file upload_5.pdb (PDB, C-alpha atoms)
ATOM      1  CA  TYR V 548    -120.147 135.365  85.993
ATOM      2  CA  ARG V 549    -116.704 134.882  84.477
ATOM      3  CA  TRP V 550    -118.217 133.695  81.204
ATOM      4  CA  ARG V 551    -120.547 136.718  81.016
ATOM      5  CA  ILE V 552    -117.714 139.171  81.503
ATOM      6  CA  ARG V 553    -115.456 137.428  78.991
ATOM      7  CA  LYS V 554    -118.316 137.293  76.501
ATOM      8  CA  ARG V 555    -118.453 141.119  76.551
ATOM      9  CA  ILE V 556    -114.865 141.151  75.343
ATOM     10  CA  TYR V 557    -114.681 138.085  73.119
ATOM     11  CA  ARG V 558    -117.655 139.024  70.955
ATOM     12  CA  TYR V 559    -115.482 141.730  69.425
ATOM     13  CA  TYR V 560    -112.821 139.213  68.457
ATOM     14  CA  ARG V 561    -115.182 137.605  65.900
ATOM     15  CA  ALA V 562    -115.611 140.953  64.139
ATOM     16  CA  LEU V 563    -111.875 141.607  64.365
ATOM     17  CA  LEU V 564    -111.086 138.213  62.841
ATOM     18  CA  ASP V 565    -113.557 138.881  60.023
ATOM     19  CA  ILE V 566    -111.887 142.198  59.252
ATOM     20  CA  ASP V 567    -108.428 140.652  59.406
ATOM     21  CA  SER V 568    -109.559 137.926  57.028
ATOM     22  CA  ALA V 569    -110.954 140.515  54.612
ATOM     23  CA  LEU V 570    -107.603 142.318  54.666
ATOM     24  CA  SER V 571    -105.868 139.083  53.684
ATOM     25  CA  ASN V 572    -107.933 138.745  50.507
ATOM     26  CA  HIS V 573    -106.404 141.649  48.550
ATOM     27  CA  PRO V 574    -109.201 144.144  49.223
ATOM     28  CA  ASP V 575    -109.942 147.055  46.897
ATOM     29  CA  GLU V 576    -110.340 150.634  48.124
ATOM     30  CA  GLN V 577    -114.055 150.236  48.801
ATOM     31  CA  GLN V 578    -113.469 147.136  50.929
ATOM     32  CA  LEU V 579    -110.678 148.903  52.812
ATOM     33  CA  GLU V 580    -113.017 151.783  53.593
ATOM     34  CA  HIS V 581    -115.683 149.357  54.807
ATOM     35  CA  CYS V 582    -113.113 147.684  57.091
ATOM     36  CA  ARG V 583    -112.008 151.082  58.400
ATOM     37  CA  LYS V 584    -115.591 151.977  59.302
ATOM     38  CA  ARG V 585    -116.108 148.640  61.053
ATOM     39  CA  LEU V 586    -112.886 149.132  63.041
ATOM     40  CA  ASN V 587    -114.007 152.607  64.071
ATOM     41  CA  VAL V 588    -117.337 151.235  65.315
ATOM     42  CA  ILE V 589    -115.537 148.586  67.356
ATOM     43  CA  LYS V 590    -113.134 151.172  68.754
ATOM     44  CA  SER V 591    -115.929 153.500  69.829
ATOM     45  CA  GLU V 592    -117.792 150.615  71.471
ATOM     46  CA  LEU V 593    -114.655 149.512  73.307
ATOM     47  CA  ASP V 594    -114.151 153.044  74.585
ATOM     48  CA  THR V 595    -117.430 152.738  76.483
ATOM     49  CA  LEU V 596    -117.156 149.062  77.463
ATOM     50  CA  SER V 597    -116.966 148.555  81.185
ATOM     51  CA  VAL V 598    -115.421 145.448  82.737
ATOM     52  CA  PRO V 599    -114.287 144.676  86.270
ATOM     53  CA  LEU V 600    -110.674 145.487  87.063
ATOM     54  CA  SER V 601    -109.727 141.798  87.143
ATOM     55  CA  TYR V 602    -110.629 141.597  83.394
ATOM     56  CA  ALA V 603    -108.946 144.807  82.332
ATOM     57  CA  ASP V 604    -106.009 142.864  80.882
ATOM     58  CA  ASN V 605    -108.370 141.062  78.489
ATOM     59  CA  LEU V 606    -109.857 144.374  77.397
ATOM     60  CA  TYR V 607    -106.437 145.949  76.862
ATOM     61  CA  ASN V 608    -105.266 142.926  74.869
ATOM     62  CA  LEU V 609    -108.282 143.332  72.624
ATOM     63  CA  LYS V 610    -107.470 147.019  72.181
ATOM     64  CA  LEU V 611    -103.879 146.096  71.279
ATOM     65  CA  HIS V 612    -105.128 143.603  68.705
ATOM     66  CA  LEU V 613    -107.497 146.212  67.322
ATOM     67  CA  GLY V 614    -104.510 148.516  66.951
ATOM     68  CA  LEU V 615    -102.550 145.853  65.066
ATOM     69  CA  VAL V 616    -105.378 145.305  62.599
ATOM     70  CA  SER V 617    -105.763 149.083  62.216
ATOM     71  CA  GLN V 618    -102.057 149.409  61.420
ATOM     72  CA  ARG V 619    -102.341 146.644  58.853
ATOM     73  CA  LEU V 620    -105.305 148.412  57.271
ATOM     74  CA  GLU V 621    -103.438 151.712  57.084
ATOM     75  CA  LYS V 622    -100.443 150.006  55.470
ATOM     76  CA  LEU V 623    -102.700 148.402  52.863
ATOM     77  CA  LYS V 624    -104.351 151.761  52.186
ATOM     78  CA  THR V 625    -100.944 153.391  51.738
ATOM     79  CA  ASP V 626     -99.814 150.599  49.434
ATOM     80  CA  THR V 627    -103.017 150.847  47.394
ATOM     81  CA  VAL V 628    -102.624 154.604  46.948
ATOM     82  CA  SER V 629     -98.966 154.285  45.965
ATOM     83  CA  LEU V 630     -99.844 151.731  43.254
ATOM     84  CA  ARG V 631    -101.945 154.258  41.359
TER      85      ARG V 631
END
call {"tool": "encode", "arguments": {"input": "upload_5.pdb", "output": "structure tokens"}}
result
Amino acid sequence: YRWRIRKRIYRYYRALLDIDSALSNHPDEQQLEHCRKRLNVIKSELDTLSVPLSYADNLYNLKLHLGLVSQRLEKLKTDTVSLR
């Protein structure tokens, strides 16, 4: 049971790690937009994800990490625009 509940949460970490890795490889504007869309999909799925109360901390940690990657993406987008 514990594994099944955690799996609901942890499957999003793979996608988040992939996006974070893409952001580390000096992405162009098109890649940044693709990452933004992927983050938005994850966010909308997390908004509807239901977990038992005892696993809420895991879900909120994931949402915090999603926010960190989103902030990093926005900073890269700002930096890319300012370089033009």
call {"tool": "resolve_selection", "arguments": {"input": "upload_5.pdb", "expression": "the PyMOL selection byres ((chain V and resi 617) around 12)", "output": "tab-separated table (two decimals) with C-alpha atoms, keeping the file's coordinate frame"}}
result
chain	number	residue	atom	x	y	z
V	563	LEU	CA	-111.88	141.61	64.36
V	566	ILE	CA	-111.89	142.20	59.25
V	567	ASP	CA	-108.43	140.65	59.41
V	570	LEU	CA	-107.60	142.32	54.67
V	579	LEU	CA	-110.68	148.90	52.81
V	580	GLU	CA	-113.02	151.78	53.59
V	582	CYS	CA	-113.11	147.68	57.09
V	583	ARG	CA	-112.01	151.08	58.40
V	584	LYS	CA	-115.59	151.98	59.30
V	585	ARG	CA	-116.11	148.64	61.05
V	586	LEU	CA	-112.89	149.13	63.04
V	587	ASN	CA	-114.01	152.61	64.07
V	589	ILE	CA	-115.54	148.59	67.36
V	590	LYS	CA	-113.13	151.17	68.75
V	610	LYS	CA	-107.47	147.02	72.18
V	611	LEU	CA	-103.88	146.10	71.28
V	612	HIS	CA	-105.13	143.60	68.70
V	613	LEU	CA	-107.50	146.21	67.32
V	614	GLY	CA	-104.51	148.52	66.95
V	615	LEU	CA	-102.55	145.85	65.07
V	616	VAL	CA	-105.38	145.30	62.60
V	618	GLN	CA	-102.06	149.41	61.42
V	619	ARG	CA	-102.34	146.64	58.85
V	620	LEU	CA	-105.30	148.41	57.27
V	621	GLU	CA	-103.44	151.71	57.08
V	622	LYS	CA	-100.44	150.01	55.47
V	623	LEU	CA	-102.70	148.40	52.86
V	624	LYS	CA	-104.35	151.76	52.19
call {"tool": "resolve_selection", "arguments": {"input": "upload_5.pdb", "expression": "the PyMOL selection byres ((chain V and resi 555) around 10)", "output": "list in words"}}
result
Trp550, Arg551, Ile552, Arg553, Lys554, Ile556, Tyr557, Arg558, Tyr559, Leu593, Leu596, Ser597, Val598 and Leu606 of chain V
call {"tool": "atom_distance", "arguments": {"input": "upload_5.pdb", "atom1": "CA of Thr627 in chain V", "atom2": "CA of Asn608 in chain V"}}
result
28.7 Å
call {"tool": "closest_residue", "arguments": {"input": "upload_5.pdb", "among": "V:Leu600, V:Tyr548, V:Asp626, V:Asn605", "to": "Asp575 in chain V", "atoms": "only C-alpha atoms"}}
result
V:Asp626
call {"tool": "atom_distance", "arguments": {"input": "upload_5.pdb", "atom1": "CA of Thr625 in chain V", "atom2": "CA of Glu592 in chain V"}}
result
26.1 Å
call {"tool": "atom_distance", "arguments": {"input": "upload_5.pdb", "atom1": "CA of Ala562 in chain V", "atom2": "CA of Leu609 in chain V"}}
result
11.5 Å
call {"tool": "axis_aligned_box", "arguments": {"input": "upload_5.pdb", "around": "range 587-593 of chain V", "padding_each_side": "5 Å", "output": "lines of an AutoDock Vina configuration file"}}
result
center_x = -115.5
center_y = 151.0
center_z = 68.7
size_x = 14.7
size_y = 14.9
size_z = 19.2
call {"tool": "closest_residue", "arguments": {"input": "upload_5.pdb", "among": "V:Val628, V:Asp594, V:Asp565, V:Ser601", "to": "His581 in chain V", "atoms": "only C-alpha atoms"}}
result
V:Asp565
